[in-house]
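> One file: query_30.cif (mmCIF, C-alpha atoms).
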```
data_work
#
loop_
_atom_site.group_PDB
_atom_site.id
_atom_site.type_symbol
_atom_site.label_atom_id
_atom_site.label_comp_id
_atom_site.auth_asym_id
_atom_site.auth_seq_id
_atom_site.Cartn_x
_atom_site.Cartn_y
_atom_site.Cartn_z
ATOM 1 C CA MET X 1 -156.358 -81.356 -23.609
ATOM 2 C CA PRO X 2 -159.261 -79.438 -22.050
ATOM 3 C CA THR X 3 -159.932 -75.973 -23.387
ATOM 4 C CA ALA X 4 -159.299 -74.348 -20.011
ATOM 5 C CA ILE X 5 -156.310 -75.408 -17.930
ATOM 6 C CA VAL X 6 -156.051 -73.804 -14.495
ATOM 7 C CA LYS X 7 -152.682 -74.129 -12.794
ATOM 8 C CA SER X 8 -151.538 -72.932 -9.406
ATOM 9 C CA ARG X 9 -148.199 -71.159 -9.114
ATOM 10 C CA ASP X 10 -146.702 -74.287 -7.546
ATOM 11 C CA GLU X 11 -147.978 -76.396 -10.422
ATOM 12 C CA LEU X 12 -146.468 -73.975 -12.927
ATOM 13 C CA LEU X 13 -143.116 -74.084 -11.149
ATOM 14 C CA ALA X 14 -143.166 -77.895 -11.108
ATOM 15 C CA TRP X 15 -144.192 -77.975 -14.773
ATOM 16 C CA ARG X 16 -141.288 -75.692 -15.709
ATOM 17 C CA GLU X 17 -138.837 -77.763 -13.692
ATOM 18 C CA ALA X 18 -139.991 -80.970 -15.372
ATOM 19 C CA LEU X 19 -139.630 -79.404 -18.819
ATOM 20 C CA LEU X 20 -136.096 -78.192 -18.135
ATOM 21 C CA THR X 21 -135.186 -81.654 -16.869
ATOM 22 C CA ARG X 22 -136.641 -83.150 -20.043
ATOM 23 C CA VAL X 23 -134.194 -81.191 -22.224
ATOM 24 C CA SER X 24 -131.303 -81.277 -19.725
ATOM 25 C CA MET X 25 -130.786 -77.518 -19.929
ATOM 26 C CA ASP X 26 -130.921 -74.617 -17.558
ATOM 27 C CA LYS X 27 -133.318 -71.840 -18.431
ATOM 28 C CA ASP X 28 -130.655 -69.361 -19.561
ATOM 29 C CA THR X 29 -129.214 -71.841 -22.042
ATOM 30 C CA LEU X 30 -132.669 -72.733 -23.324
ATOM 31 C CA TYR X 31 -133.535 -69.074 -23.804
ATOM 32 C CA ASP X 32 -130.229 -68.301 -25.561
ATOM 33 C CA LEU X 33 -130.657 -71.173 -28.009
ATOM 34 C CA GLY X 34 -134.354 -70.446 -28.462
ATOM 35 C CA ARG X 35 -133.801 -66.799 -29.352
ATOM 36 C CA ASN X 36 -131.313 -67.889 -32.021
ATOM 37 C CA PHE X 37 -133.565 -70.627 -33.426
ATOM 38 C CA ASP X 38 -130.937 -73.176 -32.531
ATOM 39 C CA LEU X 39 -133.211 -75.762 -30.912
ATOM 40 C CA ARG X 40 -134.532 -79.027 -32.332
ATOM 41 C CA PRO X 41 -138.316 -79.078 -32.717
ATOM 42 C CA ASP X 42 -138.777 -81.106 -29.507
ATOM 43 C CA GLU X 43 -136.547 -78.680 -27.611
ATOM 44 C CA ARG X 44 -138.298 -75.691 -29.145
ATOM 45 C CA ALA X 45 -141.640 -77.001 -27.854
ATOM 46 C CA VAL X 46 -140.136 -76.968 -24.373
ATOM 47 C CA TYR X 47 -138.701 -73.478 -24.907
ATOM 48 C CA GLU X 48 -142.053 -72.066 -25.951
ATOM 49 C CA THR X 49 -143.804 -73.747 -23.036
ATOM 50 C CA VAL X 50 -141.256 -72.431 -20.542
ATOM 51 C CA ARG X 51 -141.673 -68.932 -21.982
ATOM 52 C CA SER X 52 -145.406 -69.237 -21.506
ATOM 53 C CA ILE X 53 -145.009 -70.404 -17.925
ATOM 54 C CA ASP X 54 -142.697 -67.467 -17.267
ATOM 55 C CA TYR X 55 -145.316 -65.139 -18.730
ATOM 56 C CA LEU X 56 -148.014 -66.575 -16.477
ATOM 57 C CA LEU X 57 -145.711 -66.249 -13.469
ATOM 58 C CA GLY X 58 -144.850 -62.662 -14.378
ATOM 59 C CA GLU X 59 -141.228 -63.665 -14.928
ATOM 60 C CA ASP X 60 -141.170 -62.915 -18.656
ATOM 61 C CA GLU X 61 -138.402 -60.859 -20.216
ATOM 62 C CA MET L 62 -155.678 -78.197 -10.606
ATOM 63 C CA SER L 63 -156.917 -75.100 -8.916
ATOM 64 C CA ASP L 64 -160.469 -73.870 -9.296
ATOM 65 C CA THR L 65 -160.109 -70.480 -7.678
ATOM 66 C CA ALA L 66 -159.031 -68.511 -10.717
ATOM 67 C CA ASP L 67 -161.134 -65.635 -11.962
ATOM 68 C CA GLU L 68 -164.157 -67.431 -13.430
ATOM 69 C CA GLN L 69 -164.903 -64.614 -15.832
ATOM 70 C CA LEU L 70 -161.337 -64.716 -17.106
ATOM 71 C CA ILE L 71 -161.569 -68.480 -17.619
ATOM 72 C CA ASP L 72 -164.849 -68.103 -19.491
ATOM 73 C CA LYS L 73 -163.483 -65.414 -21.783
ATOM 74 C CA ALA L 74 -160.240 -67.303 -22.379
ATOM 75 C CA THR L 75 -162.074 -70.542 -23.085
ATOM 76 C CA ALA L 76 -164.395 -68.863 -25.561
ATOM 77 C CA PHE L 77 -161.438 -67.199 -27.260
ATOM 78 C CA ALA L 78 -159.488 -70.472 -27.562
ATOM 79 C CA GLU L 79 -162.541 -72.316 -28.885
ATOM 80 C CA ASP L 80 -163.305 -69.583 -31.403
ATOM 81 C CA LEU L 81 -159.745 -69.549 -32.702
ATOM 82 C CA THR L 82 -159.649 -73.351 -32.908
ATOM 83 C CA SER L 83 -162.876 -73.301 -34.883
ATOM 84 C CA ARG L 84 -161.562 -70.633 -37.233
ATOM 85 C CA ILE L 85 -158.412 -72.662 -37.945
ATOM 86 C CA GLY L 86 -160.355 -75.923 -38.317
ATOM 87 C CA ARG L 87 -162.655 -74.367 -40.911
ATOM 88 C CA VAL L 88 -159.637 -73.765 -43.170
ATOM 89 C CA ILE L 89 -157.201 -76.654 -42.644
ATOM 90 C CA PRO L 90 -157.946 -80.248 -41.643
ATOM 91 C CA THR L 91 -156.703 -80.677 -38.079
ATOM 92 C CA ALA L 92 -157.388 -82.573 -34.882
ATOM 93 C CA MET L 93 -155.433 -80.012 -32.848
ATOM 94 C CA ALA L 94 -157.188 -77.624 -30.519
ATOM 95 C CA LEU L 95 -156.076 -74.555 -28.645
ATOM 96 C CA SER L 96 -156.283 -74.451 -24.859
ATOM 97 C CA ALA L 97 -156.256 -71.501 -22.482
ATOM 98 C CA VAL L 98 -153.884 -71.774 -19.516
ATOM 99 C CA VAL L 99 -154.797 -69.598 -16.543
ATOM 100 C CA VAL L 100 -153.139 -69.120 -13.163
ATOM 101 C CA GLY L 101 -155.362 -70.217 -10.301
ATOM 102 C CA SER L 102 -155.127 -69.079 -6.678
ATOM 103 C CA ASP L 103 -153.715 -65.835 -7.914
ATOM 104 C CA ASP L 104 -154.808 -62.432 -9.066
ATOM 105 C CA SER L 105 -152.823 -62.781 -12.291
ATOM 106 C CA PRO L 106 -154.823 -61.459 -15.234
ATOM 107 C CA ARG L 107 -152.668 -63.394 -17.706
ATOM 108 C CA VAL L 108 -153.676 -66.200 -20.059
ATOM 109 C CA ILE L 109 -151.798 -68.310 -22.611
ATOM 110 C CA VAL L 110 -153.688 -69.610 -25.627
ATOM 111 C CA ALA L 111 -151.804 -72.366 -27.457
ATOM 112 C CA ALA L 112 -152.071 -75.995 -28.540
ATOM 113 C CA TYR L 113 -150.653 -78.585 -26.133
ATOM 114 C CA ASP L 114 -149.490 -82.159 -26.480
ATOM 115 C CA ASN L 115 -147.925 -84.148 -23.641
ATOM 116 C CA GLY L 116 -147.471 -81.017 -21.569
ATOM 117 C CA GLU L 117 -145.668 -79.097 -24.288
ATOM 118 C CA GLU L 118 -146.815 -76.483 -26.756
ATOM 119 C CA ALA L 119 -147.620 -78.135 -30.048
ATOM 120 C CA LEU L 120 -147.804 -77.296 -33.738
ATOM 121 C CA PHE L 121 -150.629 -77.493 -36.242
ATOM 122 C CA PRO L 122 -149.405 -79.816 -39.032
ATOM 123 C CA LEU L 123 -149.829 -78.438 -42.552
ATOM 124 C CA HIS L 124 -150.098 -81.046 -45.292
ATOM 125 C CA ILE L 125 -149.435 -80.597 -48.990
ATOM 126 C CA GLY L 126 -150.872 -83.323 -51.175
ATOM 127 C CA GLY L 127 -151.459 -85.440 -48.077
ATOM 128 C CA THR L 128 -147.872 -85.226 -46.817
ATOM 129 C CA ARG L 129 -146.934 -83.194 -43.793
ATOM 130 C CA ARG L 130 -144.573 -80.555 -45.145
ATOM 131 C CA LEU L 131 -144.967 -77.584 -42.810
ATOM 132 C CA ASP L 132 -146.081 -76.761 -39.284
ATOM 133 C CA LEU L 133 -147.979 -73.774 -37.982
ATOM 134 C CA PHE L 134 -147.183 -72.455 -34.517
ATOM 135 C CA VAL L 135 -149.952 -70.398 -32.960
ATOM 136 C CA LYS L 136 -149.657 -68.767 -29.553
ATOM 137 C CA LEU L 137 -151.273 -65.725 -27.968
ATOM 138 C CA ASN L 138 -150.468 -64.168 -24.610
ATOM 139 C CA CYS L 139 -153.581 -62.434 -23.337
ATOM 140 C CA CYS L 140 -154.588 -60.280 -20.394
ATOM 141 C CA TRP L 141 -157.549 -58.313 -19.147
ATOM 142 C CA ASP L 142 -157.807 -54.968 -20.854
ATOM 143 C CA ARG L 143 -158.471 -51.762 -18.921
ATOM 144 C CA GLY L 144 -161.449 -52.306 -16.666
ATOM 145 C CA ALA L 145 -161.233 -56.102 -16.989
ATOM 146 C CA SER L 146 -164.075 -56.135 -19.491
ATOM 147 C CA PHE L 147 -162.458 -57.984 -22.372
ATOM 148 C CA LEU L 148 -159.460 -60.101 -23.141
ATOM 149 C CA ALA L 149 -156.691 -58.265 -24.967
ATOM 150 C CA VAL L 150 -153.858 -59.882 -26.902
ATOM 151 C CA GLU L 151 -150.541 -58.768 -25.438
ATOM 152 C CA GLU L 152 -148.377 -60.790 -27.794
ATOM 153 C CA SER L 153 -149.043 -63.233 -30.597
ATOM 154 C CA TRP L 154 -146.985 -65.562 -32.753
ATOM 155 C CA PHE L 155 -147.965 -67.243 -36.017
ATOM 156 C CA HIS L 156 -144.910 -69.121 -37.310
ATOM 157 C CA VAL L 157 -144.716 -71.277 -40.448
ATOM 158 C CA ILE L 158 -141.962 -73.870 -40.087
ATOM 159 C CA PRO L 159 -140.700 -76.636 -42.417
ATOM 160 C CA VAL L 160 -141.343 -79.997 -40.743
ATOM 161 C CA GLY L 161 -138.438 -81.030 -38.545
ATOM 162 C CA ASP L 162 -136.555 -77.777 -39.060
ATOM 163 C CA LYS L 163 -135.193 -75.490 -36.378
ATOM 164 C CA VAL L 164 -135.864 -72.297 -38.276
ATOM 165 C CA PRO L 165 -139.233 -70.970 -39.483
ATOM 166 C CA LEU L 166 -139.794 -69.771 -43.028
ATOM 167 C CA PHE L 167 -141.519 -66.663 -41.706
ATOM 168 C CA ARG L 168 -143.114 -65.318 -38.557
ATOM 169 C CA TYR L 169 -146.069 -63.016 -38.024
ATOM 170 C CA GLU L 170 -145.713 -61.456 -34.581
ATOM 171 C CA TYR L 171 -147.454 -58.848 -32.464
ATOM 172 C CA LEU L 172 -146.227 -57.005 -29.379
ATOM 173 C CA ARG L 173 -148.789 -54.780 -27.715
ATOM 174 C CA ARG L 174 -146.118 -53.052 -25.662
ATOM 175 C CA ALA L 175 -143.375 -52.927 -28.253
ATOM 176 C CA ASN L 176 -140.648 -50.408 -27.626
ATOM 177 C CA GLY L 177 -140.362 -47.643 -30.190
ATOM 178 C CA SER L 178 -137.751 -49.411 -32.291
ATOM 179 C CA ILE L 179 -139.920 -52.441 -33.080
ATOM 180 C CA PRO L 180 -143.232 -52.201 -34.961
ATOM 181 C CA ALA L 181 -146.074 -53.577 -32.849
ATOM 182 C CA ALA L 182 -147.197 -55.849 -35.686
ATOM 183 C CA HIS L 183 -144.408 -57.210 -37.821
ATOM 184 C CA VAL L 184 -143.198 -60.057 -40.008
ATOM 185 C CA HIS L 185 -139.816 -61.782 -39.932
ATOM 186 C CA VAL L 186 -138.600 -63.569 -43.043
ATOM 187 C CA HIS L 187 -135.949 -66.230 -42.518
ATOM 188 C CA ALA L 188 -134.106 -65.943 -45.782
ATOM 189 C CA HIS L 189 -130.764 -64.678 -46.951
ATOM 190 C CA ARG L 190 -129.596 -62.212 -49.528
ATOM 191 C CA ASP L 191 -126.114 -60.738 -49.532
ATOM 192 C CA GLU L 192 -127.333 -57.271 -50.455
ATOM 193 C CA PHE L 193 -129.800 -57.284 -47.575
ATOM 194 C CA ALA L 194 -127.116 -58.219 -45.068
ATOM 195 C CA TYR L 195 -124.856 -55.529 -46.507
ATOM 196 C CA ALA L 196 -127.576 -52.878 -46.233
ATOM 197 C CA LEU L 197 -128.276 -53.886 -42.648
ATOM 198 C CA VAL L 198 -124.784 -52.939 -41.537
ATOM 199 C CA ALA L 199 -124.216 -50.032 -43.929
ATOM 200 C CA GLY L 200 -125.582 -47.411 -41.536
ATOM 201 C CA GLU L 201 -123.737 -46.505 -38.357
ATOM 202 C CA LYS L 202 -126.921 -46.168 -36.320
ATOM 203 C CA GLY L 203 -128.948 -49.155 -37.473
ATOM 204 C CA LYS L 204 -129.880 -51.900 -35.024
ATOM 205 C CA ALA L 205 -128.143 -54.568 -37.083
ATOM 206 C CA ARG L 206 -124.936 -52.542 -37.038
ATOM 207 C CA GLN L 207 -125.117 -52.336 -33.263
ATOM 208 C CA ARG L 208 -125.636 -56.098 -33.036
ATOM 209 C CA TRP L 209 -122.748 -56.590 -35.435
ATOM 210 C CA ARG L 210 -120.479 -54.628 -33.130
ATOM 211 C CA ALA L 211 -121.482 -57.089 -30.398
ATOM 212 C CA GLY L 212 -120.342 -59.959 -32.616
ATOM 213 C CA LYS L 213 -123.664 -60.978 -34.159
ATOM 214 C CA PRO L 214 -123.789 -61.305 -37.948
ATOM 215 C CA PRO L 215 -126.449 -59.310 -39.828
ATOM 216 C CA ARG L 216 -129.456 -61.460 -40.649
ATOM 217 C CA MET L 217 -132.493 -60.679 -42.753
ATOM 218 C CA ALA L 218 -134.576 -62.557 -40.160
ATOM 219 C CA GLU L 219 -133.803 -59.822 -37.620
ATOM 220 C CA PHE L 220 -135.555 -57.222 -39.776
ATOM 221 C CA HIS L 221 -139.051 -56.327 -38.577
ATOM 222 C CA PHE L 222 -141.336 -55.722 -41.579
ATOM 223 C CA PRO L 223 -144.170 -53.572 -40.199
ATOM 224 C CA VAL L 224 -147.675 -54.762 -41.028
ATOM 225 C CA GLY L 225 -150.501 -52.436 -40.055
ATOM 226 C CA GLY L 226 -149.892 -51.478 -36.443
ATOM 227 C CA HIS L 227 -152.148 -52.372 -33.533
ATOM 228 C CA ARG L 228 -155.474 -52.155 -35.311
ATOM 229 C CA PHE L 229 -154.857 -53.176 -38.892
ATOM 230 C CA ARG L 230 -152.524 -56.118 -38.440
ATOM 231 C CA PRO L 231 -153.137 -59.441 -40.217
ATOM 232 C CA CYS L 232 -155.310 -62.103 -38.593
ATOM 233 C CA ILE L 233 -154.885 -65.872 -38.517
ATOM 234 C CA GLU L 234 -157.073 -66.183 -41.617
ATOM 235 C CA ASP L 235 -154.584 -64.067 -43.565
ATOM 236 C CA VAL L 236 -151.781 -66.467 -42.698
ATOM 237 C CA LEU L 237 -153.913 -69.521 -43.455
ATOM 238 C CA ASN L 238 -155.083 -67.979 -46.733
ATOM 239 C CA ALA L 239 -151.466 -67.358 -47.717
ATOM 240 C CA VAL L 240 -150.231 -70.897 -47.024
ATOM 241 C CA VAL L 241 -153.188 -72.440 -48.868
ATOM 242 C CA VAL L 242 -152.803 -70.212 -51.923
ATOM 243 C CA GLU L 243 -149.018 -69.920 -52.048
ATOM 244 C CA PHE L 244 -147.920 -73.398 -50.902
ATOM 245 C CA GLY L 245 -151.023 -75.340 -51.889
ATOM 246 C CA VAL L 246 -151.547 -76.502 -48.299
ATOM 247 C CA ASP L 247 -154.410 -78.998 -47.989
ATOM 248 C CA HIS L 248 -157.647 -77.373 -46.893
ATOM 249 C CA VAL L 249 -161.169 -78.338 -45.953
ATOM 250 C CA ASP L 250 -164.229 -77.757 -48.094
ATOM 251 C CA GLY L 251 -165.568 -74.249 -47.762
ATOM 252 C CA TRP L 252 -162.255 -72.817 -46.626
ATOM 253 C CA GLU L 253 -162.546 -69.687 -48.728
ATOM 254 C CA ALA L 254 -165.867 -68.733 -47.167
ATOM 255 C CA ALA L 255 -164.405 -69.461 -43.715
ATOM 256 C CA VAL L 256 -161.413 -67.238 -44.420
ATOM 257 C CA ARG L 257 -163.644 -64.409 -45.579
ATOM 258 C CA ALA L 258 -165.948 -64.788 -42.577
ATOM 259 C CA GLY L 259 -163.066 -64.931 -40.096
ATOM 260 C CA ARG L 260 -161.383 -61.941 -41.678
ATOM 261 C CA GLU L 261 -164.633 -59.987 -41.548
ATOM 262 C CA GLN L 262 -165.104 -60.904 -37.867
ATOM 263 C CA TRP L 263 -161.553 -59.796 -37.093
ATOM 264 C CA ARG L 264 -161.797 -56.526 -39.015
ATOM 265 C CA ARG L 265 -165.135 -55.602 -37.457
ATOM 266 C CA THR L 266 -163.600 -56.109 -34.001
ATOM 267 C CA GLN L 267 -160.548 -54.075 -34.943
ATOM 268 C CA LEU L 268 -162.692 -51.375 -36.519
ATOM 269 C CA ARG L 269 -164.549 -50.905 -33.232
ATOM 270 C CA ALA L 270 -161.208 -50.603 -31.444
ATOM 271 C CA ALA L 271 -159.931 -48.156 -34.056
ATOM 272 C CA VAL L 272 -163.026 -45.991 -33.595
ATOM 273 C CA CYS L 273 -162.165 -45.716 -29.905
ATOM 274 C CA ASP L 274 -158.727 -44.418 -30.906
ATOM 275 C CA ALA L 275 -160.214 -41.514 -32.890
ATOM 276 C CA PRO L 276 -163.976 -41.113 -32.274
ATOM 277 C CA ASP L 277 -164.193 -37.800 -34.133
ATOM 278 C CA GLU L 278 -163.082 -39.527 -37.324
ATOM 279 C CA ALA L 279 -165.894 -42.048 -36.916
ATOM 280 C CA VAL L 280 -168.378 -39.256 -36.248
ATOM 281 C CA ALA L 281 -167.273 -37.392 -39.369
ATOM 282 C CA ALA L 282 -167.548 -40.525 -41.467
ATOM 283 C CA LEU L 283 -171.001 -41.367 -40.097
ATOM 284 C CA ARG L 284 -172.251 -37.825 -40.645
ATOM 285 C CA GLY L 285 -170.945 -38.050 -44.184
ATOM 286 C CA LEU L 286 -173.195 -41.089 -44.605
ATOM 287 C CA GLY L 287 -176.186 -39.164 -43.292
ATOM 288 C CA TYR L 288 -176.237 -40.412 -39.711
ATOM 289 C CA ASP L 289 -177.177 -38.023 -36.937
ATOM 290 C CA VAL L 290 -174.512 -38.440 -34.268
ATOM 291 C CA LYS L 291 -174.754 -36.732 -30.870
ATOM 292 C CA PRO L 292 -171.387 -36.399 -29.093
ATOM 293 C CA PRO L 293 -171.186 -37.144 -25.357
ATOM 294 C CA ASP L 294 -171.127 -34.243 -22.876
ATOM 295 C CA THR L 295 -167.518 -35.004 -22.094
ATOM 296 C CA ALA L 296 -165.304 -35.173 -25.149
ATOM 297 C CA VAL L 297 -163.390 -38.415 -25.706
ATOM 298 C CA ARG L 298 -159.769 -37.760 -26.495
ATOM 299 C CA ASP L 299 -157.954 -39.453 -29.340
ATOM 300 C CA ASP L 300 -155.528 -42.174 -28.334
ATOM 301 C CA LEU L 301 -152.541 -40.612 -30.026
ATOM 302 C CA ASP L 302 -150.180 -43.296 -28.797
ATOM 303 C CA ARG L 303 -152.200 -45.924 -30.644
ATOM 304 C CA LEU L 304 -152.688 -43.770 -33.739
ATOM 305 C CA ARG L 305 -149.009 -42.960 -34.037
ATOM 306 C CA ALA L 306 -147.532 -46.251 -32.879
ATOM 307 C CA TYR L 307 -144.910 -47.857 -35.145
#
```
Go ahead and express the file in the form of structure tokens.


Amino acid sequence: MPTAIVKSRDELLAWREALLTRVSMDKDTLYDLGRNFDLRPDERAVYETVRSIDYLLGEDE
Amino acid sequence: MSDTADEQLIDKATAFAEDLTSRIGRVIPTAMALSAVVVGSDDSPRVIVAAYDNGEEALFPLHIGGTRRLDLFVKLNCCWDRGASFLAVEESWFHVIPVGDKVPLFRYEYLRRANGSIPAAHVHVHAHRDEFAYALVAGEKGKARQRWRAGKPPRMAEFHFPVGGHRFRPCIEDVLNAVVVEFGVDHVDGWEAAVRAGREQWRRTQLRAAVCDAPDEAVAALRGLGYDVKPPDTAVRDDLDRLRAY
């Protein structure tokens, strides 16, 4: 991966959508399970990435 | 890809990610690297610094005797500080996790804008002791008791162990030093010197920030060492919020 990754808002939204599809979960479910450390490592990677996207979009908790 | 993001922000974020990658790579053998993700076509001052693999945030493997036993999760949410002159860490996470496990062993975390009930810099330990759980719910007003009323069992992992506040919190070298010494995690040659150098770099940066919180204390200390210090015409006020923060 390059050191700097520049994403547009649309790219971030598409990235998030693809990640949620990958784990077959809606965001609320992913967040609930993530907060409780009840995700497999592959799912947790998606959770952390979605949280980061939300932070970049200003949609963090 | 967009190329219209704040170029200065990208430069700072890139340098920060590269520096942190270098600091980690001078302690543990790794092919992983941190990237900085920035929003383009936007005035967002926010940056994520994390490792990525296949479009997902990734872990730094930690080997013991050549076998991958643990993983290290490193992520920092950053933003422009006041005046957009330097990148500030808004939140950071250093988690040590057994390979393949859902639950970390422990977590070093930092929240720049923590509410008053959570220490800005803190550690979570994912362990269990009956007496700890009992103490958590013994008091009527404790946070764990309130969670218990909402149906959540008391857990030691929910306890925030404070570690030094905004300025004197541990750095990544402290975590790396701990896993090498305590777990015997495989390291690269010269790791001890790298840890000392990284820690010194971190503490010098934090010391400068701490001076800004209470300049008169720095002046007094410098005068005690024989320096001649001339105050500015306009007095700089102490940042009491920072000095007193949990």

> Assuming the chain letters and numbering stay as they are in my file, what does the PyMOL selection byres ((chain X) within 9 of (chain L)) actually select? List them as a PyMOL selection string.

chain X and resi 1-9+11-12+15+19+36-42+44-50+52-53+55-58

> Mind pulling up the distance from atom CA of L:Phe121 to atom CA of X:Leu13?

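Atom-to-atom, atom CA of X:Leu13 to atom CA of L:Phe121, that is 26.4 Å.
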
> How many Å lie between atom CA of L:Arg84 and atom CA of L:Leu172, rounded to one decimal?

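About the pair atom CA of L:Arg84 and atom CA of L:Leu172: they are 22.0 Å apart.
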
> Interatomic distance between atom CA of X:Asp32 and atom CA of L:Val157?

21.0 Å

> Fewer than 2 positions away in the same chain doesn't count, so skip those; otherwise give me all residues within 12 Å of L:Pro214, counting all atoms listed in the file, as a CSV table (one decimal) with C-alpha atoms, in the frame of the given file.


```csv
chain,number,residue,atom,x,y,z
X,36,ASN,CA,-131.3,-67.9,-32.0
L,189,HIS,CA,-130.8,-64.7,-47.0
L,191,ASP,CA,-126.1,-60.7,-49.5
L,194,ALA,CA,-127.1,-58.2,-45.1
L,195,TYR,CA,-124.9,-55.5,-46.5
L,197,LEU,CA,-128.3,-53.9,-42.6
L,198,VAL,CA,-124.8,-52.9,-41.5
L,204,LYS,CA,-129.9,-51.9,-35.0
L,205,ALA,CA,-128.1,-54.6,-37.1
L,206,ARG,CA,-124.9,-52.5,-37.0
L,207,GLN,CA,-125.1,-52.3,-33.3
L,208,ARG,CA,-125.6,-56.1,-33.0
L,209,TRP,CA,-122.7,-56.6,-35.4
L,210,ARG,CA,-120.5,-54.6,-33.1
L,211,ALA,CA,-121.5,-57.1,-30.4
L,212,GLY,CA,-120.3,-60.0,-32.6
L,216,ARG,CA,-129.5,-61.5,-40.6
L,217,MET,CA,-132.5,-60.7,-42.8
L,218,ALA,CA,-134.6,-62.6,-40.2
L,219,GLU,CA,-133.8,-59.8,-37.6
```

> When you count all atoms listed in the file, which of these residues is closest to L:Phe220: L:Glu243, L:Pro159, L:Ala188, L:Leu70?

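Ranking L:Glu243, L:Pro159, L:Ala188, L:Leu70 by distance to L:Phe220, first place goes to L:Ala188.
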
> With distances taken over all atoms listed in the file, which residue among L:Ile233, L:Val242, L:Ala175, L:Val297 lies nearest L:Val280?

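Among the listed residues, L:Val297 lies closest to L:Val280.
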
> Can you list, as a ChimeraX atom specification, every protein, DNA or RNA residue that comes within 8 Å of L:Gly251 when you count all atoms listed in the file, leaving out same-chain residues fewer than 2 positions away?

/L:87-88,249,253-255

> Would you place a box with edges along x, y and z of the file around all atoms of stretch 133-151 of chain L listed there, add 3 Å to each of its six sides, and report the centre and edge lengths in Å to one decimal, as AutoDock Vina command-line options?


```
--center_x -155.6 --center_y -62.8 --center_z -27.3 --size_x 22.9 --size_y 28.0 --size_z 27.3
```

> Go through L:His183, L:Arg257, L:Lys291, L:His227 one by one, measure the shortest atom-to-atom distance of each to L:Asp274 using all atoms listed in the file, and give the residue with the smallest value.

L:His227

> Take stretch 178-192 of chain L, model N, CA and C atoms, and hand the result over as a CSV table (one decimal), keeping the file's coordinate frame.


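Output file part-v4.csv follows:
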```
chain,number,residue,atom,x,y,z
L,178,SER,N,-138.6,-49.0,-31.2
L,178,SER,CA,-137.8,-49.4,-32.3
L,178,SER,C,-138.3,-50.7,-33.0
L,179,ILE,N,-139.3,-51.2,-32.5
L,179,ILE,CA,-139.9,-52.4,-33.1
L,179,ILE,C,-141.4,-52.2,-33.4
L,180,PRO,N,-141.8,-52.4,-34.6
L,180,PRO,CA,-143.2,-52.2,-35.0
L,180,PRO,C,-144.1,-53.2,-34.2
L,181,ALA,N,-145.2,-52.7,-33.7
L,181,ALA,CA,-146.1,-53.6,-32.8
L,181,ALA,C,-146.4,-54.9,-33.6
L,182,ALA,N,-146.9,-54.7,-34.8
L,182,ALA,CA,-147.2,-55.8,-35.7
L,182,ALA,C,-146.1,-55.9,-36.8
L,183,HIS,N,-145.5,-57.1,-36.9
L,183,HIS,CA,-144.4,-57.2,-37.8
L,183,HIS,C,-144.3,-58.6,-38.3
L,184,VAL,N,-143.5,-58.8,-39.4
L,184,VAL,CA,-143.2,-60.1,-40.0
L,184,VAL,C,-141.7,-60.2,-40.1
L,185,HIS,N,-141.2,-61.4,-39.7
L,185,HIS,CA,-139.8,-61.8,-39.9
L,185,HIS,C,-139.7,-62.8,-41.1
L,186,VAL,N,-138.8,-62.6,-42.0
L,186,VAL,CA,-138.6,-63.6,-43.0
L,186,VAL,C,-137.2,-64.2,-42.9
L,187,HIS,N,-137.2,-65.5,-42.7
L,187,HIS,CA,-135.9,-66.2,-42.5
L,187,HIS,C,-135.4,-66.6,-43.9
L,188,ALA,N,-134.7,-65.7,-44.5
L,188,ALA,CA,-134.1,-65.9,-45.8
L,188,ALA,C,-132.8,-65.2,-45.8
L,189,HIS,N,-132.1,-65.3,-46.9
L,189,HIS,CA,-130.8,-64.7,-47.0
L,189,HIS,C,-130.5,-64.1,-48.3
L,190,ARG,N,-130.0,-62.8,-48.3
L,190,ARG,CA,-129.6,-62.2,-49.5
L,190,ARG,C,-128.4,-61.3,-49.2
L,191,ASP,N,-127.3,-61.5,-49.9
L,191,ASP,CA,-126.1,-60.7,-49.5
L,191,ASP,C,-126.4,-59.2,-49.4
L,192,GLU,N,-127.1,-58.7,-50.4
L,192,GLU,CA,-127.3,-57.3,-50.5
L,192,GLU,C,-128.1,-56.8,-49.2
```
